[in-house]
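Student: See work.txt below, with compact mmCIF, C-alpha atoms.
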```txt
# COMPACT_ATOMS: atom_id res chain seq x y z
CA MET A 70 24.26 -32.87 14.22
CA ARG A 71 21.37 -30.65 13.23
CA VAL A 72 21.19 -27.50 11.15
CA THR A 73 19.87 -24.47 13.01
CA ARG A 74 19.93 -21.88 10.24
CA THR A 75 18.64 -21.66 6.70
CA ALA A 76 21.29 -21.30 3.99
CA LYS A 77 21.41 -21.47 0.20
CA ALA A 78 23.96 -22.24 -2.50
CA GLY A 79 23.97 -22.62 -6.28
CA THR A 80 21.74 -21.17 -8.96
CA LEU A 81 18.98 -22.16 -11.36
CA GLU A 82 21.26 -21.84 -14.39
CA SER A 83 21.96 -24.78 -16.70
CA ASN A 84 24.43 -27.35 -15.31
CA ASP A 85 23.92 -26.01 -11.78
CA ILE A 86 21.77 -26.99 -8.83
CA PHE A 87 20.12 -24.72 -6.26
CA ILE A 88 20.27 -26.05 -2.72
CA MET A 89 18.44 -24.65 0.30
CA VAL A 90 19.03 -26.26 3.67
CA SER A 91 16.93 -25.40 6.71
CA PRO A 92 16.24 -26.64 10.24
CA SER A 93 13.90 -29.56 10.52
CA GLU A 94 11.54 -30.35 13.38
CA ALA A 95 11.55 -34.03 12.52
CA GLU A 96 14.45 -36.42 13.06
CA GLY A 97 16.34 -37.45 9.95
CA VAL A 98 16.98 -35.92 6.54
CA THR A 99 14.06 -34.60 4.50
CA LEU A 100 14.87 -34.07 0.83
CA GLU A 101 12.62 -32.49 -1.79
CA LEU A 102 14.22 -32.89 -5.22
CA GLN A 103 13.14 -31.26 -8.45
CA SER A 104 15.17 -31.96 -11.59
CA ILE A 105 14.97 -31.62 -15.34
CA VAL A 106 16.42 -35.13 -15.48
CA LEU A 107 14.50 -36.61 -12.57
CA ALA A 108 13.40 -39.70 -14.47
CA GLN A 109 16.91 -40.50 -15.69
CA PHE A 110 19.13 -39.41 -12.81
CA GLY A 111 16.84 -38.71 -9.85
CA ARG A 112 18.10 -41.61 -7.78
CA GLN A 113 21.75 -40.76 -8.45
CA ILE A 114 21.25 -37.06 -7.57
CA ARG A 115 19.41 -38.00 -4.39
CA GLU A 116 22.19 -40.40 -3.38
CA THR A 117 24.86 -37.77 -4.01
CA ILE A 118 23.04 -35.20 -1.87
CA LEU A 119 22.40 -37.64 0.98
CA ARG A 120 25.96 -38.97 0.89
CA THR A 121 27.37 -35.43 1.07
CA VAL A 122 25.10 -34.53 3.99
CA ALA A 123 26.03 -37.73 5.82
CA ALA A 124 29.73 -37.08 5.28
CA ARG A 125 29.33 -33.83 7.20
CA GLY A 126 27.68 -35.67 10.08
CA VAL A 127 24.37 -33.83 9.67
CA THR A 128 21.44 -36.00 10.73
CA GLN A 129 18.55 -33.57 11.13
CA ILE A 130 17.91 -31.26 8.22
CA SER A 131 15.42 -30.24 5.54
CA ILE A 132 16.76 -29.86 1.99
CA LEU A 133 15.21 -28.37 -1.11
CA ALA A 134 17.15 -29.16 -4.30
CA GLN A 135 16.29 -27.71 -7.72
CA ASP A 136 18.54 -29.34 -10.29
CA ARG A 137 19.32 -28.01 -13.75
CA GLY A 138 21.51 -30.85 -14.95
CA ALA A 139 24.42 -30.55 -12.52
CA LEU A 140 27.24 -33.09 -12.53
CA ASP A 141 28.05 -34.98 -9.33
CA TYR A 142 30.92 -32.71 -8.33
CA THR A 143 28.75 -29.63 -8.75
CA ILE A 144 26.04 -31.20 -6.58
CA GLU A 145 28.62 -32.02 -3.91
CA ALA A 146 30.07 -28.49 -4.08
CA ARG A 147 26.70 -26.80 -3.74
CA VAL A 148 25.52 -29.04 -0.89
CA GLU A 149 28.80 -28.58 1.00
CA THR A 150 28.65 -24.81 0.51
CA ALA A 151 25.08 -24.65 1.79
CA LEU A 152 26.05 -26.75 4.82
CA ASP A 153 29.15 -24.65 5.49
CA ARG A 154 27.00 -21.53 5.44
CA ALA A 155 24.35 -23.04 7.67
CA LEU A 156 26.85 -24.38 10.19
CA ALA A 157 29.34 -21.50 10.28
CA GLU A 158 29.78 -19.46 13.42
CA PRO A 159 28.32 -15.98 12.97
CA GLY A 160 30.91 -13.53 11.66
CA VAL A 161 33.23 -16.17 10.23
CA ILE A 162 34.25 -15.43 6.64
CA LEU A 163 34.06 -18.50 4.43
CA MET B 289 60.08 -27.04 -26.28
CA LYS B 290 57.98 -25.71 -23.46
CA ARG B 291 54.22 -25.58 -23.42
CA LEU B 292 52.42 -23.06 -25.64
CA ARG B 293 50.42 -20.36 -23.91
CA ARG B 294 49.13 -18.35 -26.85
CA THR B 295 45.79 -17.96 -25.11
CA MET B 296 44.76 -17.91 -21.47
CA LEU B 297 40.96 -17.79 -21.36
CA PHE B 298 39.19 -16.42 -18.30
CA VAL B 299 36.28 -18.58 -17.09
CA PRO B 300 34.08 -17.52 -14.13
CA GLY B 301 34.87 -19.80 -11.21
CA ASN B 302 31.29 -20.05 -9.99
CA ASN B 303 29.74 -21.13 -13.29
CA PRO B 304 29.51 -24.95 -13.56
CA GLY B 305 28.48 -24.92 -17.22
CA MET B 306 31.42 -22.82 -18.33
CA ILE B 307 33.87 -24.83 -16.22
CA GLN B 308 32.57 -28.05 -17.82
CA SER B 309 33.07 -26.72 -21.33
CA ALA B 310 36.36 -24.92 -20.64
CA SER B 311 38.53 -27.63 -22.17
CA VAL B 312 36.73 -27.68 -25.53
CA LEU B 313 37.03 -23.97 -26.27
CA GLY B 314 40.46 -24.28 -27.87
CA ALA B 315 42.47 -22.14 -25.45
CA ASP B 316 45.95 -23.31 -24.52
CA SER B 317 45.19 -22.45 -20.89
CA VAL B 318 41.96 -21.66 -19.06
CA ILE B 319 41.89 -19.38 -16.02
CA LEU B 320 39.23 -20.46 -13.54
CA ASP B 321 38.62 -17.12 -11.90
CA LEU B 322 37.96 -16.78 -8.17
CA GLU B 323 38.62 -13.02 -8.16
CA ASP B 324 36.85 -10.39 -10.25
CA ALA B 325 34.33 -12.78 -11.83
CA VAL B 326 32.96 -13.79 -8.43
CA SER B 327 30.94 -11.55 -6.10
CA LEU B 328 32.02 -11.24 -2.47
CA SER B 329 29.01 -13.24 -1.30
CA GLU B 330 29.94 -16.20 -3.56
CA LYS B 331 33.68 -16.50 -2.89
CA ASP B 332 33.21 -19.63 -0.77
CA SER B 333 30.90 -21.21 -3.34
CA ALA B 334 33.30 -20.63 -6.26
CA ARG B 335 36.29 -21.89 -4.27
CA LYS B 336 34.42 -25.09 -3.43
CA LEU B 337 33.21 -25.60 -7.01
CA VAL B 338 36.67 -25.09 -8.53
CA THR B 339 38.21 -27.39 -5.93
CA LYS B 340 35.70 -30.13 -6.74
CA ALA B 341 36.12 -29.62 -10.48
CA LEU B 342 39.90 -29.94 -10.22
CA ARG B 343 39.47 -33.19 -8.28
CA SER B 344 36.85 -34.75 -10.51
CA TRP B 345 36.67 -33.19 -13.96
CA SER B 346 39.04 -33.87 -16.85
CA PHE B 347 40.25 -30.75 -18.61
CA LYS B 348 42.05 -33.04 -21.08
CA THR B 349 45.18 -31.40 -22.46
CA THR B 350 44.14 -27.85 -21.58
CA GLU B 351 46.33 -26.24 -18.96
CA VAL B 352 44.33 -25.23 -15.89
CA THR B 353 45.15 -21.96 -14.19
CA VAL B 354 43.29 -20.63 -11.16
CA ARG B 355 43.24 -16.93 -10.36
CA ILE B 356 43.02 -16.62 -6.60
CA ASN B 357 42.04 -13.46 -4.75
CA PRO B 358 44.81 -11.08 -3.69
CA ILE B 359 46.80 -12.64 -0.86
CA THR B 360 46.28 -9.44 1.15
CA THR B 361 42.51 -10.01 1.29
CA VAL B 362 40.71 -12.41 3.63
CA TYR B 363 39.86 -14.62 0.65
CA GLY B 364 43.37 -14.94 -0.83
CA PRO B 365 44.87 -17.24 1.83
CA LEU B 366 41.69 -19.38 1.88
CA ASP B 367 41.88 -19.74 -1.92
CA LEU B 368 45.57 -20.59 -1.81
CA GLU B 369 45.14 -23.23 0.88
CA ALA B 370 42.24 -24.86 -1.00
CA MET B 371 44.09 -24.83 -4.32
CA LEU B 372 47.23 -26.40 -2.86
CA GLU B 373 45.07 -29.40 -1.93
CA VAL B 374 44.21 -29.96 -5.59
CA GLN B 375 47.27 -28.45 -7.27
CA PRO B 376 46.18 -26.90 -10.57
CA ASP B 377 48.86 -26.41 -13.21
CA ILE B 378 49.17 -22.70 -12.51
CA LEU B 379 48.10 -20.20 -9.87
CA LEU B 380 47.63 -16.67 -11.17
CA ILE B 381 48.51 -14.19 -8.44
CA PRO B 382 46.69 -10.86 -8.85
CA LYS B 383 48.01 -7.44 -7.86
CA ALA B 384 51.48 -8.95 -8.08
CA GLU B 385 54.24 -7.04 -6.39
CA VAL B 386 57.38 -8.32 -4.69
CA ALA B 387 55.74 -8.58 -1.26
CA SER B 388 52.66 -10.46 -2.50
CA ILE B 389 54.69 -13.00 -4.48
CA GLN B 390 57.02 -13.51 -1.52
CA GLU B 391 53.99 -14.04 0.73
CA VAL B 392 52.54 -16.64 -1.65
CA GLU B 393 55.93 -18.33 -1.99
CA ALA B 394 56.32 -18.50 1.80
CA ARG B 395 52.84 -19.97 2.27
CA ILE B 396 53.44 -22.62 -0.40
CA SER B 397 56.81 -23.54 1.12
CA ALA B 398 55.18 -23.83 4.55
CA TYR B 399 52.45 -26.06 3.07
CA GLU B 400 55.07 -28.30 1.45
CA ALA B 401 56.95 -28.62 4.73
CA ALA B 402 53.85 -29.25 6.85
CA LYS B 403 51.72 -31.40 4.52
CA LEU B 404 54.04 -32.96 1.96
CA GLY B 405 57.14 -33.74 3.98
CA GLY B 406 59.10 -31.19 2.01
CA GLU B 407 58.06 -32.48 -1.40
CA ALA B 408 57.32 -29.74 -3.92
CA VAL B 409 53.82 -29.07 -5.22
CA ARG B 410 53.48 -29.38 -9.00
CA THR B 411 51.74 -26.01 -9.26
CA LYS B 412 53.63 -23.13 -10.88
CA LEU B 413 52.93 -19.42 -10.55
CA PHE B 414 51.99 -16.63 -12.92
CA ALA B 415 52.25 -13.03 -11.76
CA LEU B 416 49.38 -10.76 -12.77
CA ILE B 417 51.13 -7.41 -13.05
CA GLU B 418 48.51 -4.69 -13.06
CA SER B 419 49.91 -1.70 -11.20
CA ALA B 420 52.52 0.97 -11.80
CA ALA B 421 54.64 -0.48 -8.98
CA GLY B 422 54.29 -3.95 -10.43
CA VAL B 423 55.50 -2.80 -13.84
CA GLU B 424 58.43 -0.87 -12.39
CA HIS B 425 59.47 -3.84 -10.23
CA VAL B 426 58.84 -6.59 -12.75
CA HIS B 427 62.45 -7.85 -12.59
CA GLU B 428 62.36 -8.05 -8.80
CA ILE B 429 58.97 -9.77 -8.92
CA LEU B 430 60.27 -12.38 -11.36
CA ALA B 431 63.25 -12.98 -9.08
CA SER B 432 61.08 -13.42 -5.99
CA SER B 433 59.90 -16.99 -6.63
CA PRO B 434 61.45 -19.87 -8.57
CA ARG B 435 57.93 -21.13 -9.25
CA LEU B 436 57.10 -18.25 -11.59
CA VAL B 437 56.70 -19.34 -15.21
CA GLY B 438 55.14 -16.21 -16.59
CA VAL B 439 53.58 -12.80 -16.29
CA LEU B 440 50.13 -11.75 -17.39
CA PHE B 441 49.95 -8.01 -17.92
CA GLY B 442 46.64 -6.47 -16.82
CA GLY B 443 46.18 -3.27 -18.78
CA GLU B 444 42.81 -2.25 -17.33
CA ASP B 445 43.91 -2.14 -13.69
CA TYR B 446 47.28 -0.69 -14.71
CA THR B 447 45.70 2.29 -16.48
CA SER B 448 43.30 2.71 -13.58
CA ASP B 449 46.28 2.82 -11.22
CA MET B 450 47.98 5.34 -13.51
CA GLY B 451 44.83 7.44 -13.63
CA VAL B 452 44.83 7.50 -17.43
CA ALA B 453 42.21 6.61 -20.01
CA ARG B 454 42.33 3.30 -21.85
CA THR B 455 42.26 3.81 -25.62
CA MET B 456 42.01 1.65 -28.72
CA GLY B 457 45.50 2.70 -29.81
CA GLY B 458 46.96 1.54 -26.52
CA MET B 459 49.64 4.22 -26.34
CA GLU B 460 49.05 4.49 -22.59
CA ILE B 461 50.16 0.86 -22.00
CA GLU B 462 53.00 0.74 -24.53
CA TYR B 463 55.79 1.35 -22.02
CA ALA B 464 54.40 -1.23 -19.60
CA ARG B 465 53.96 -3.81 -22.34
CA ASN B 466 57.51 -3.33 -23.58
CA LYS B 467 58.93 -3.50 -20.10
CA VAL B 468 57.01 -6.68 -19.20
CA ALA B 469 57.86 -8.41 -22.48
CA VAL B 470 61.57 -7.64 -22.18
CA ALA B 471 61.73 -8.62 -18.50
CA CYS B 472 60.04 -11.94 -19.23
CA LYS B 473 62.54 -12.66 -21.99
CA VAL B 474 65.41 -11.87 -19.61
CA HIS B 475 64.00 -14.28 -17.00
CA GLY B 476 63.04 -16.96 -19.53
CA VAL B 477 59.33 -16.96 -18.73
CA ASP B 478 56.17 -16.42 -20.74
CA ALA B 479 54.74 -12.95 -21.29
CA VAL B 480 50.97 -12.90 -21.76
CA ASP B 481 49.35 -9.69 -22.91
CA THR B 482 46.32 -7.93 -21.47
CA PRO B 483 42.85 -8.96 -22.70
CA PHE B 484 41.19 -7.02 -25.52
CA THR B 485 37.95 -5.97 -23.90
CA ASP B 486 35.84 -5.14 -26.97
CA VAL B 487 34.70 -8.71 -27.62
CA ASP B 488 32.83 -7.85 -30.82
CA ASN B 489 35.78 -6.08 -32.47
CA HIS B 490 37.54 -9.01 -34.09
CA GLU B 491 39.70 -6.95 -36.44
CA GLY B 492 40.89 -4.81 -33.55
CA LEU B 493 41.70 -7.93 -31.54
CA LEU B 494 43.70 -9.45 -34.41
CA ALA B 495 45.70 -6.26 -34.83
CA ASP B 496 46.28 -6.03 -31.08
CA ALA B 497 47.40 -9.67 -30.90
CA ARG B 498 49.85 -9.12 -33.76
CA LYS B 499 51.17 -6.03 -32.03
CA ALA B 500 51.67 -7.98 -28.80
CA LYS B 501 53.50 -10.72 -30.70
CA ALA B 502 55.74 -8.12 -32.34
CA MET B 503 56.56 -6.70 -28.92
CA GLY B 504 57.72 -10.10 -27.71
CA PHE B 505 54.66 -11.40 -25.89
CA THR B 506 54.17 -15.16 -26.13
CA GLY B 507 50.40 -15.01 -25.79
CA LYS B 508 47.36 -12.95 -24.92
CA ALA B 509 44.59 -13.33 -22.38
CA ALA B 510 41.05 -13.86 -23.66
CA ILE B 511 37.78 -12.98 -21.97
CA ASN B 512 35.46 -14.63 -24.47
CA PRO B 513 35.77 -18.01 -26.24
CA ARG B 514 35.25 -16.25 -29.58
CA GLN B 515 38.57 -14.47 -29.08
CA VAL B 516 40.63 -17.66 -28.88
CA GLY B 517 40.90 -18.47 -32.58
CA ILE B 518 41.60 -14.85 -33.49
CA ILE B 519 44.44 -14.62 -30.98
CA HIS B 520 45.92 -17.90 -32.25
CA LYS B 521 45.81 -16.46 -35.75
CA GLY B 522 47.57 -13.34 -34.52
CA PHE B 523 50.32 -15.37 -32.86
CA ALA B 524 50.77 -17.91 -35.67
CA PRO B 525 54.08 -17.72 -37.50
CA ASP B 526 53.90 -16.13 -40.95
CA PRO B 527 54.20 -18.98 -43.53
CA VAL B 528 56.62 -16.85 -45.53
CA GLU B 529 58.85 -16.48 -42.47
CA VAL B 530 58.60 -20.22 -41.76
CA ARG B 531 59.62 -21.05 -45.32
CA TYR B 532 62.62 -18.71 -45.05
CA ALA B 533 63.59 -20.25 -41.69
CA LEU B 534 63.51 -23.72 -43.23
CA ARG B 535 65.74 -22.50 -46.06
CA VAL B 536 68.17 -21.02 -43.52
CA LEU B 537 68.44 -24.36 -41.74
CA GLU B 538 68.79 -26.22 -45.02
CA ALA B 539 71.58 -23.86 -46.12
CA MET B 540 73.21 -24.26 -42.71
CA GLU B 541 73.24 -28.04 -43.08
CA GLU B 542 74.81 -27.77 -46.52
CA ALA B 543 77.42 -25.33 -45.21
CA GLU B 544 78.23 -27.65 -42.33
CA ALA B 545 78.60 -30.58 -44.73
CA GLU B 546 81.01 -28.53 -46.79
CA GLY B 547 82.91 -27.49 -43.70
CA LYS B 548 81.97 -23.84 -44.00
CA GLY B 549 81.60 -21.85 -40.80
CA VAL B 550 79.88 -18.90 -42.41
CA PHE B 551 77.47 -18.91 -45.31
CA SER B 552 75.10 -16.67 -47.16
CA LEU B 553 71.52 -17.06 -48.35
CA ASP B 554 69.98 -14.90 -51.09
CA GLY B 555 73.13 -12.82 -50.99
CA LYS B 556 72.87 -12.10 -47.26
CA MET B 557 75.26 -13.31 -44.59
CA VAL B 558 73.64 -15.75 -42.17
CA ASP B 559 74.99 -15.58 -38.63
CA ALA B 560 74.18 -17.18 -35.28
CA PRO B 561 71.20 -14.96 -34.28
CA ILE B 562 69.49 -15.65 -37.61
CA ILE B 563 70.05 -19.39 -37.21
CA GLN B 564 68.73 -19.30 -33.66
CA ARG B 565 65.61 -17.40 -34.73
CA ALA B 566 65.12 -19.85 -37.61
CA ARG B 567 65.32 -22.80 -35.22
CA GLN B 568 62.77 -21.22 -32.88
CA MET B 569 60.47 -20.40 -35.78
CA VAL B 570 60.60 -23.94 -37.21
CA ALA B 571 60.15 -25.51 -33.78
CA LEU B 572 57.02 -23.41 -33.23
CA ALA B 573 55.72 -24.17 -36.72
CA GLU B 574 56.22 -27.88 -36.08
CA LYS B 575 54.40 -27.66 -32.78
CA LEU B 576 51.49 -25.95 -34.49
CA GLY B 577 51.44 -28.59 -37.24
CA MET B 578 52.40 -26.11 -39.95
CA VAL B 579 55.25 -28.30 -41.15
CA LYS B 580 55.98 -31.99 -41.08
CA GLY B 581 59.39 -33.42 -40.36
CA SER B 582 61.84 -32.37 -37.71
CA THR B 583 64.84 -30.11 -37.59
CA ALA B 584 66.22 -32.48 -35.00
CA SER B 585 66.44 -35.13 -37.69
CA LYS B 586 68.12 -32.62 -40.01
CA ASP B 587 65.34 -33.29 -42.46
CA THR B 588 64.69 -29.67 -43.28
CA LYS B 589 64.52 -30.35 -46.99
CA ASN B 590 61.52 -32.62 -46.46
CA ALA B 591 60.02 -30.22 -43.95
CA ASN B 592 60.38 -27.39 -46.44
CA ASP B 593 58.72 -29.48 -49.12
CA SER B 594 55.83 -30.24 -46.76
CA LEU B 595 54.99 -26.56 -46.20
CA GLU B 596 52.46 -26.60 -48.98
CA GLY B 597 50.93 -23.20 -49.40
CA GLY B 598 52.10 -22.24 -45.95
CA LEU B 599 50.05 -24.75 -44.03
CA VAL B 600 49.73 -28.51 -43.84
```
Write out the structure in this file as structure tokens.

Tutor:
Amino acid sequence: MRVTRTAKAGTLESNDIFIMVSPSEAEGVTLELQSIVLAQFGRQIRETILRTVAARGVTQISILAQDRGALDYTIEARVETALDRALAEPGVIL
Amino acid sequence: MKRLRRTMLFVPGNNPGMIQSASVLGADSVILDLEDAVSLSEKDSARKLVTKALRSWSFKTTEVTVRINPITTVYGPLDLEAMLEVQPDILLIPKAEVASIQEVEARISAYEAAKLGGEAVRTKLFALIESAAGVEHVHEILASSPRLVGVLFGGEDYTSDMGVARTMGGMEIEYARNKVAVACKVHGVDAVDTPFTDVDNHEGLLADARKAKAMGFTGKAAINPRQVGIIHKGFAPDPVEVRYALRVLEAMEEAEAEGKGVFSLDGKMVDAPIIQRARQMVALAEKLGMVKGSTASKDTKNANDSLEGGLV
């Protein structure tokens, strides 16, 4: 499945993560991750994002993630919300 | 003795940092808010975040309440369905009136039948009474669902509905407060008072909390973590009253040992209501760690001795 619309979720506040998903021309998942704890937790954050995207069956997507120290469940929540928004039928209230 | 709800602290449901720290702020219950604290464009985001937090995050011993959106809005049923999947301790139902509580009750019952094979969810309900109709029908509301364990009175929306100004004195909400407190006592549920909105006025909050306690409320909502300790102070038993209650129970034990049915203390007759109030007072003091020992063990003499300076 591929994303055909751009959508955002989350904020740049402490303990949160801002996620923007958008259509990608290339096959696969492209992830650009910025984080205040990139050195310590970059791999874990990346894995959480990719796992959440895969669980939704999305295989072609571009993701920008700006992390401010979010816990795993917050990362999952923000990624899922962004995907829900990007994949929702127009006019559907989420 | 049932769980204490001296404070129910509102926490915005779309703020990860505040949700993470909710359990260390000292409140007896935290209200993860999906309603007024969340803009219309972020309802989905907050619902998802709170759902994930309830699945993954430990709130330790703090009771977790979730305020959903009114069931009459498009968001209310979505919130309810999502929350039933994770079953918080309490769901706070806003704009509570008989019809809205019945609607929530019916939806929960349908969920139990469809998803749980008839098994009951663990989640209980709190009615947020914040309208003139809600206040006038508080008894009917409390009778409309066996899951209700309390009422939170919302003074701001109530006065808005009444079309009257909100004042520091609070005369305009006095009738509603009395009615809610008495109705809750009749139905055996908790009565939680409206938040005090001037977060920098600590003296005013303490006085308002004491007033609510005197009216029969069991707790008060908080909108800022700094209010929690002040409200607890306002709802704490007076050490002088606790000491007297311990003496009543001690005198009662002596009277029982001597086979007396009626007895007096300090020249005043002690009857059943005084003994009952003394038992409640001591039980609360024990729960708050103000006294050691237990009335259940009939060790009131030791408990009385342990009330050093009012607090232990």

Student: When the cut-off is 12 Å and we count all atoms listed in the file, which residues of chain A are near chain B, given as a ChimeraX atom specification?

Tutor: /A:77-88,137-154,157,161-163

Student: Around (36.4, -5.5, -26.1) in the file's own coordinates, what residues are found within 10 Å if you use only C-alpha atoms, given back as a list in words?

Tutor: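 Every polymer residue passing the test: Met456, Pro483, Phe484, Thr485, Asp486, Val487, Asp488, Asn489, His490, Gly492, Leu493, Ala510, Ile511, Asn512 and Gln515 of chain B.
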
Student: How about saving the chosen residues, C-alpha atoms kept, as a PDB file, keeping the file's coordinate frame?

Tutor:
```pdb
ATOM      1  CA  MET B 456      42.010   1.650 -28.720  1.00  0.00           C
ATOM      2  CA  PRO B 483      42.850  -8.960 -22.700  1.00  0.00           C
ATOM      3  CA  PHE B 484      41.190  -7.020 -25.520  1.00  0.00           C
ATOM      4  CA  THR B 485      37.950  -5.970 -23.900  1.00  0.00           C
ATOM      5  CA  ASP B 486      35.840  -5.140 -26.970  1.00  0.00           C
ATOM      6  CA  VAL B 487      34.700  -8.710 -27.620  1.00  0.00           C
ATOM      7  CA  ASP B 488      32.830  -7.850 -30.820  1.00  0.00           C
ATOM      8  CA  ASN B 489      35.780  -6.080 -32.470  1.00  0.00           C
ATOM      9  CA  HIS B 490      37.540  -9.010 -34.090  1.00  0.00           C
ATOM     10  CA  GLY B 492      40.890  -4.810 -33.550  1.00  0.00           C
ATOM     11  CA  LEU B 493      41.700  -7.930 -31.540  1.00  0.00           C
ATOM     12  CA  ALA B 510      41.050 -13.860 -23.660  1.00  0.00           C
ATOM     13  CA  ILE B 511      37.780 -12.980 -21.970  1.00  0.00           C
ATOM     14  CA  ASN B 512      35.460 -14.630 -24.470  1.00  0.00           C
ATOM     15  CA  GLN B 515      38.570 -14.470 -29.080  1.00  0.00           C
TER      16      GLN B 515
END
```

Student: Which neighbours of Arg294 (chain B) fall inside 7 Å, counting only C-alpha atoms, when residues of the same chain fewer than 2 positions from it are skipped, and could you give them as a PyMOL selection string?

Tutor: chain B and resi 292+296+316+506-508+520+523

Student: For Glu94 (chain A), list every protein, DNA or RNA residue within 9 Å, evaluated using only C-alpha atoms, and leave out those in the same chain fewer than 2 positions away; present the list as a ChimeraX atom specification.

Tutor: /A:92,96,129-131

Student: For the atom pair CA of Ile562 (chain B) and CA of Leu537 (chain B), what is the interatomic distance in Å to one decimal place?

Tutor: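 Distance reported for this atom pair: 9.7 Å.
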
Student: (15.0, -37.5, -3.9) in this file's frame - what residues fall within 7 Å of it? Use all atoms listed in the file and give the answer as number ranges by chain.

Tutor: A: 100-102, 111-112, 115

Student: So how far away is CA of Ser311 (chain B) from CA of Pro382 (chain B), in Å?

Tutor: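 The value is 22.9 Å.
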
Student: Which distance in Å separates CA of Glu538 (chain B) and CA of Lys499 (chain B), to one decimal?

Tutor: 29.8 Å

Student: What's around Arg291 (chain B) at 12 Å? Count all atoms listed in the file, leave out sequence neighbours fewer than 2 positions away in its own chain, and write the answer as a list in words.

Tutor: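 Counting only the stated atoms, we get Met289, Arg293, Arg294, Thr295, Asp316, Ser317, Thr349, Thr350, Glu351, Asp377, Val437, Gly438, Val477, Asp478, Thr506, Gly507, Ala571, Leu572, Lys575 and Leu576 of chain B.
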
Student: Find the residues around Gly126 (chain A) up to 7 Å (only C-alpha atoms counted), leave out those fewer than 3 positions away in its own chain, and share them as a ChimeraX atom specification.

Tutor: /A:70,122-123

Student: Could you tell me which of A:Ser104, A:Thr73, A:Ser91, A:Gln109 comes closest to Asp136 (chain A) if we count only C-alpha atoms?

Tutor: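 The closest residue to Asp136 (chain A) is A:Ser104.
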
Student: Quick one: residues within 8 Å of Ser419 (chain B), all atoms listed in the file, excluding same-chain residues fewer than 5 positions away - as a list of chain:residue names?

Tutor: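 In the requested form, the answer reads B:Lys383, B:Asp445, B:Tyr446, B:Thr447, B:Asp449, B:Met450.
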
Student: Report the centre and edge lengths, in Å to one decimal, of an axis-aligned box enclosing every atom of region 143-154 of chain A listed in the file, padded by 6 Å on each side, as JSON.

Tutor:
```
{"center_x": 27.6, "center_y": -26.8, "center_z": -1.6, "size_x": 17.0, "size_y": 22.5, "size_z": 26.2}
```

Student: Select, from A:Ala155, A:Ile118, A:Val72, A:Leu133, the residue with the minimum atom-to-atom distance to Gln103 (chain A), counting only C-alpha atoms.

Tutor: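 For Gln103 (chain A), the nearest of the candidates is A:Leu133.
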
Student: When distances are computed from only C-alpha atoms, which of B:Val570, B:Ala509, B:Ile461, B:Ala539 shows the smallest separation from Val558 (chain B)?

Tutor: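 Closest residue, counting only C-alpha atoms: B:Ala539.
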